Amino acid sequence: DAVVYWMRMEDLRVSDNRALARASGQAQKDGVPLLVIFIISPQDHIAHDRSARRIDFTLRNLSSIKASLAPLNIPLYTKIHTQRRTLPALVISLLTHWRATHLFANIEYEVDELRRDIRVCELAKENGIGVEFFHDRCLVEPGKVLTKEGKPYTIYSPFQRNWLSQINSNLSWLDEAPPPSPNPKSVHEDPAFKILFEAPIPDVVEGFECMDREEMKEMWPAGTDSAKQVLIRFLHTKSRSSQLGAVNPLSPGAETSDKKSRAASYKDMRDRGDRDTTSRLSPYLAAGVISARECVRQSMKLLGVTKIQATRDTGVGMWVMEIAWRDFYTHVMAAFPRVSMGRPFQEKFAVVKWETNEEHLQSWKEGRTGVPIVDAAMRQGNKMGWIHNRMRMAAAMYLTKDLMIDWRLGEKYFMEILIDGDLASNNGGWQWSASTGTDPQPYFRIFNPYKQSEKADPTGDYIRYFVPELTKLRGPDIHNPSASAAAKLGYPKPLVNHDEARKRALRRYKTPGDE
Ligand code: FAD
């Protein structure tokens with residue numbers, strides 16, 4: 001007999017993991033071993049456009065988890081399963097083979113995953129296996145933050161106020177889930193379980209070969225200990241602009257000329273792409289290598305407060321408001337499944353006329369649009385698998401409003417390159433930029449990429465770092481090089497004229513479907 005915890009793409013950690021903690025409790029109660037499984041489902045990765053970087057990051061984290069569970073005599077068994085349709089049957093067949101009595105998992109809120117889990121429940125019932133699912137991804141579980149009319153919020157600010165007051169009235173929601181208890185050593189003697197310990201974590205999944213694995217390993221080291229160091233780096237150490245392209249918290253020299261820690265300067269500096277002031281925790285949060293609860297607990301500890309301070313008064317408070325955005329978009333996805341089905345949240349924009357221009361799309365992807373801030377953003381994504389938030393907005397707004405290319409193509413490309421690719425946040429960010437989403441940027445407020453560049457990169461260091469052709473440019477030219485300077489430096493001409501493109505976008509959004 002056994003109890004099984006099914007680990008998923010977004011809960012890659014041993015500590016503070018609700019389903020794992022409860023599975024362990026059940027195994028202890030029943031006096032049976034706890035087994036952990038992870039199913040690699042390439043068809044699901046394709047359906048989600050997941051990047052090879054994200055898959056590689058998953059495998060690296062699984063290796064680290066396998067190593068942490070080994071001293072507890074808990075096996076982590078990883079299996080590649082190609083047919084997503086038959087995945088529920090596979091899980092149940094494994095459970096029956098091990099004579100498992102219970103299955104525990106944390107909920108995945110994406111629509112296909114919810115459907116899959118319904119099937120798992122049906123099959124488990126037929127086979128007399130108990131199943132329990134847990135809310136673990138968000139600070140407040142989806143469905144709990146509702147308007148007075150009992151409806152899900154579609155605007156962030158009132159959502160955030162309600163979210164905050166609920167957490168502060170239910171501080172136990174932030175409690176850390178206990179670590180799993182060890183299995184008895186005898187588990188190794190059972191041949192059915194012994195092979196689970198011996199099965200290695202694959203190095204690579206076919207079709208998802210990560211071409212820059214070594215660079216990714218250096219920039220985004222796996223494991224909860226690394227994630228905790230990235231959190232400490234944000235909360236306690238100061239930023240250096242020379243760290244723009246490096247995140248490895250283990251790299252020497254985190255000191256700086258800055259007077260304040262990253263967290264303290266977050267309030268004023270978070271929109272600055274030329275500084276390294278944000279946490280860079282998104283790959284770890286997206287994969288659940290660290291829990292959002294742990295981030296908030298540590299930020300409260302830093303401020304010495306017993307209630308969450310998600311306000312604009314402090315850097316840390318502002319940061320917790322960003323974590324609230326993560327909850328918001330997951331709640332939106334859970335309440336409105338159409339957003340994870342490629343449909344605009346605001347259905348009237350389903351008929352906006354998009355340009356089909358393969359050459360423009362390709363130039364955008366490669367960071368050769370001739371608009372330095374957009375090119376720097378795209379090259380940062382291509383190089384690091386991560387882009388600063390402000391630059392994600394600038395790149396997304398440019399694709400959808402200046403090039404008038406369908407936001408879904410941008411959404412897909414981001415998923416394909418990002419190591420932190422997350423359906424809810426990525427879709428939320430894209431639909432915000434394309435003005436089709438919940439609480440979006442109104443369609444008539446179109447970013448001027450050159451002005452954005454002056455604000456987000458006043459020193460020009462960000463552009464110079466990621467667009468080396470422009471390294472020699474100084475002063476305002478860096479944001480919008482003259483045609484002659486660009487030609488001399490081998491930098492492309494802008495694909496479109498911003499003012500004309502802006503007028504086209506306004507026309508098309510004003511009366512969608514007309515042109
Ligand atoms: P910090 O500023 O340190 O914020 C802390 C954490 O809060 C982040 O790690 C993240 O988990 C959360 N967060 C911050 N901003 C947002 C936001 N706007 N929406 C949701 N959560 C947020 N974030 C992803 O995690 N995955 C994505 O695939 C993703 N795609 C995006 C696409 C577009 C077009 C846009 C505009 C934004 C996208 N974001 C995405 C949100 C945001 O850009 C990143 O979370 C952030 O840049 C990560 O850097 P950080 O960890 O240093 O953030």
# chains A, B, ... in the order shown; residues from 1 in each chain; ligands from 1

$ residues_around --residues "Arg53 in chain A" --least-positions-apart "4" --cutoff "9 Å" --atoms "only C-alpha atoms" --output "VMD selection string"
chain A and resid 57 to 58 208 to 213 216 385 416 to 420

$ residues_around --residues "range 476-482 of chain A" --least-positions-apart "3" --cutoff "7 Å" --atoms "only C-alpha atoms" --output "number ranges by chain"
A: 371-373, 450, 453-454, 460, 470, 473, 485-486

$ write_last_selection --atoms "C-alpha atoms" --output "compact mmCIF listing (two decimals), in the first residue's frame"
# COMPACT_ATOMS: atom_id res chain seq x y z
CA VAL A 371 13.39 50.93 -32.03
CA PRO A 372 16.20 50.50 -29.49
CA ILE A 373 14.14 49.92 -26.35
CA TYR A 450 10.82 56.59 -27.48
CA SER A 453 12.69 54.50 -23.37
CA GLU A 454 13.67 57.85 -21.84
CA GLY A 460 20.75 54.26 -21.82
CA LEU A 470 24.61 51.18 -30.15
CA LEU A 473 25.86 56.32 -28.71
CA ALA A 485 24.04 57.24 -37.08
CA ALA A 486 22.00 54.06 -37.41

$ select_by_dssp --residues "range 270-336 of chain A" --states "helix (DSSP H, G or I)" --output "ChimeraX atom specification"
/A:282-286,292-303,315-335

$ closest_atom_pairs --of "chain A" --to "ligand 1" --cutoff "7 Å" --atoms "only C-alpha atoms and all ligand atoms" --output "tab-separated table"
residue	atom	partner	partner_atom_place_in_ligand_line	distance
A:Arg270	CA	ligand 1	2 (O)	6.6
A:Thr278	CA	ligand 1	52 (O)	4.0
A:Ser279	CA	ligand 1	3 (O)	3.6
A:Arg280	CA	ligand 1	52 (O)	3.2
A:Leu281	CA	ligand 1	51 (O)	3.9
A:Ser282	CA	ligand 1	9 (O)	3.2
A:Pro283	CA	ligand 1	25 (O)	6.5
A:Leu285	CA	ligand 1	11 (O)	5.4
A:Ala286	CA	ligand 1	25 (O)	5.5
A:Trp319	CA	ligand 1	4 (O)	5.9
A:Glu322	CA	ligand 1	14 (C)	4.3
A:Ile323	CA	ligand 1	7 (O)	3.9
A:Trp325	CA	ligand 1	20 (C)	4.6
A:Arg326	CA	ligand 1	21 (N)	3.5
A:Tyr329	CA	ligand 1	20 (C)	6.4
A:Ile387	CA	ligand 1	47 (O)	6.1
A:His388	CA	ligand 1	47 (O)	4.6
A:Asn389	CA	ligand 1	43 (O)	3.4
A:Arg390	CA	ligand 1	36 (C)	6.9
A:Arg392	CA	ligand 1	36 (C)	4.7
A:Met393	CA	ligand 1	36 (C)	4.2
A:Ala396	CA	ligand 1	34 (C)	5.3
A:Phe414	CA	ligand 1	28 (O)	6.9
A:Met415	CA	ligand 1	28 (O)	6.3
A:Leu418	CA	ligand 1	28 (O)	6.7
A:Asp420	CA	ligand 1	26 (N)	4.8
A:Gly421	CA	ligand 1	28 (O)	3.4
A:Asp422	CA	ligand 1	28 (O)	4.1
A:Leu423	CA	ligand 1	28 (O)	6.2
A:Ser425	CA	ligand 1	20 (C)	4.5
A:Asn426	CA	ligand 1	30 (N)	3.2
A:Asn427	CA	ligand 1	32 (C)	6.7
A:Gly428	CA	ligand 1	19 (N)	6.8
A:Gly429	CA	ligand 1	35 (C)	3.6
A:Trp430	CA	ligand 1	34 (C)	4.2
A:Ser433	CA	ligand 1	34 (C)	6.5

$ residues_around --residues "range 186-192 of chain A" --least-positions-apart "3" --cutoff "7 Å" --atoms "only C-alpha atoms" --output "list of chain:residue names"
A:Pro33, A:Asn183, A:Ile195

$ atom_distance --atom1 "CA of Glu132 in chain A" --atom2 "CA of Ser165 in chain A"
28.0 Å

$ closest_residue --among "A:Val36, A:Asp203, A:Asn106, A:Leu69" --to "Leu94 in chain A" --atoms "only C-alpha atoms"
A:Val36

$ residues_around --residues "range 138-154 of chain A" --least-positions-apart "5" --cutoff "7 Å" --atoms "only C-alpha atoms" --output "list in words"
Phe159, Asn162, Trp163, Ala292, Arg293, Asp327, His331, Ala334, Ala335, Thr438 and Asp439 of chain A

$ residues_around --residues "Leu196 in chain A" --least-positions-apart "2" --cutoff "6 Å" --atoms "only C-alpha atoms" --output "VMD selection string"
chain A and resid 75 77 193 to 194 198 to 199

$ write_last_selection --atoms "C-alpha atoms" --output "PDB file, in the first residue's frame"
ATOM      1  CA  PRO A  75      11.253   8.366  -3.967  1.00  0.00           C
ATOM      2  CA  TYR A  77       9.550   8.958  -9.786  1.00  0.00           C
ATOM      3  CA  PHE A 193       9.401   0.924  -4.750  1.00  0.00           C
ATOM      4  CA  LYS A 194      13.130   0.249  -5.096  1.00  0.00           C
ATOM      5  CA  GLU A 198      16.724   4.097  -8.998  1.00  0.00           C
ATOM      6  CA  ALA A 199      14.900   5.674 -11.967  1.00  0.00           C
TER       7      ALA A 199
END

$ residues_around --residues "Leu235 in chain A" --least-positions-apart "3" --cutoff "10 Å" --atoms "only C-alpha atoms" --output "PyMOL selection string"
chain A and resi 229-232+238+261-264+266+278-279+295+298-299+302+315-316

$ residues_around --residues "Phe447 in chain A" --least-positions-apart "4" --cutoff "10 Å" --atoms "only C-alpha atoms" --output "list of chain:residue names"
A:Met393, A:Ala394, A:Met397, A:Tyr398, A:Lys401, A:Asp402, A:Ser433, A:Gln441, A:Lys451, A:Gln452, A:His498, A:Arg502

$ write_last_selection --atoms "N, CA and C atoms" --output "compact mmCIF listing (two decimals), in the first residue's frame"
# COMPACT_ATOMS: atom_id res chain seq x y z
N MET A 393 6.22 45.27 -21.33
CA MET A 393 5.09 46.11 -21.77
C MET A 393 5.43 46.85 -23.04
N ALA A 394 6.64 47.43 -23.07
CA ALA A 394 7.03 48.22 -24.25
C ALA A 394 7.06 47.33 -25.49
N MET A 397 3.38 46.26 -26.37
CA MET A 397 2.61 47.38 -26.92
C MET A 397 3.07 47.69 -28.33
N TYR A 398 4.37 47.60 -28.56
CA TYR A 398 4.91 47.88 -29.90
C TYR A 398 4.39 46.86 -30.92
N LYS A 401 0.34 47.52 -31.17
CA LYS A 401 -0.18 48.82 -31.59
C LYS A 401 0.63 49.43 -32.74
N ASP A 402 1.95 49.31 -32.69
CA ASP A 402 2.75 49.90 -33.77
C ASP A 402 2.78 48.97 -34.99
N SER A 433 -1.60 44.83 -22.52
CA SER A 433 -0.90 45.65 -23.52
C SER A 433 -1.73 45.81 -24.78
N GLN A 441 -4.80 48.56 -20.30
CA GLN A 441 -4.45 49.90 -20.73
C GLN A 441 -5.51 50.27 -21.77
N LYS A 451 9.49 57.71 -25.79
CA LYS A 451 9.29 58.34 -24.47
C LYS A 451 9.43 57.29 -23.37
N GLN A 452 8.89 56.11 -23.63
CA GLN A 452 9.03 55.01 -22.65
C GLN A 452 10.51 54.75 -22.40
N HIS A 498 6.07 55.76 -35.97
CA HIS A 498 5.21 55.60 -34.80
C HIS A 498 3.92 56.41 -34.90
N ARG A 502 0.30 54.73 -34.89
CA ARG A 502 -0.60 55.04 -33.78
C ARG A 502 -2.00 55.35 -34.31

$ closest_residue --among "A:Lys185, A:Met378, A:Ala23, A:Met318" --to "Pro71 in chain A" --atoms "only C-alpha atoms"
A:Lys185

$ closest_residue --among "A:Leu303, A:Leu72, A:Ala105, A:Leu59" --to "Pro202 in chain A" --atoms "only C-alpha atoms"
A:Leu59
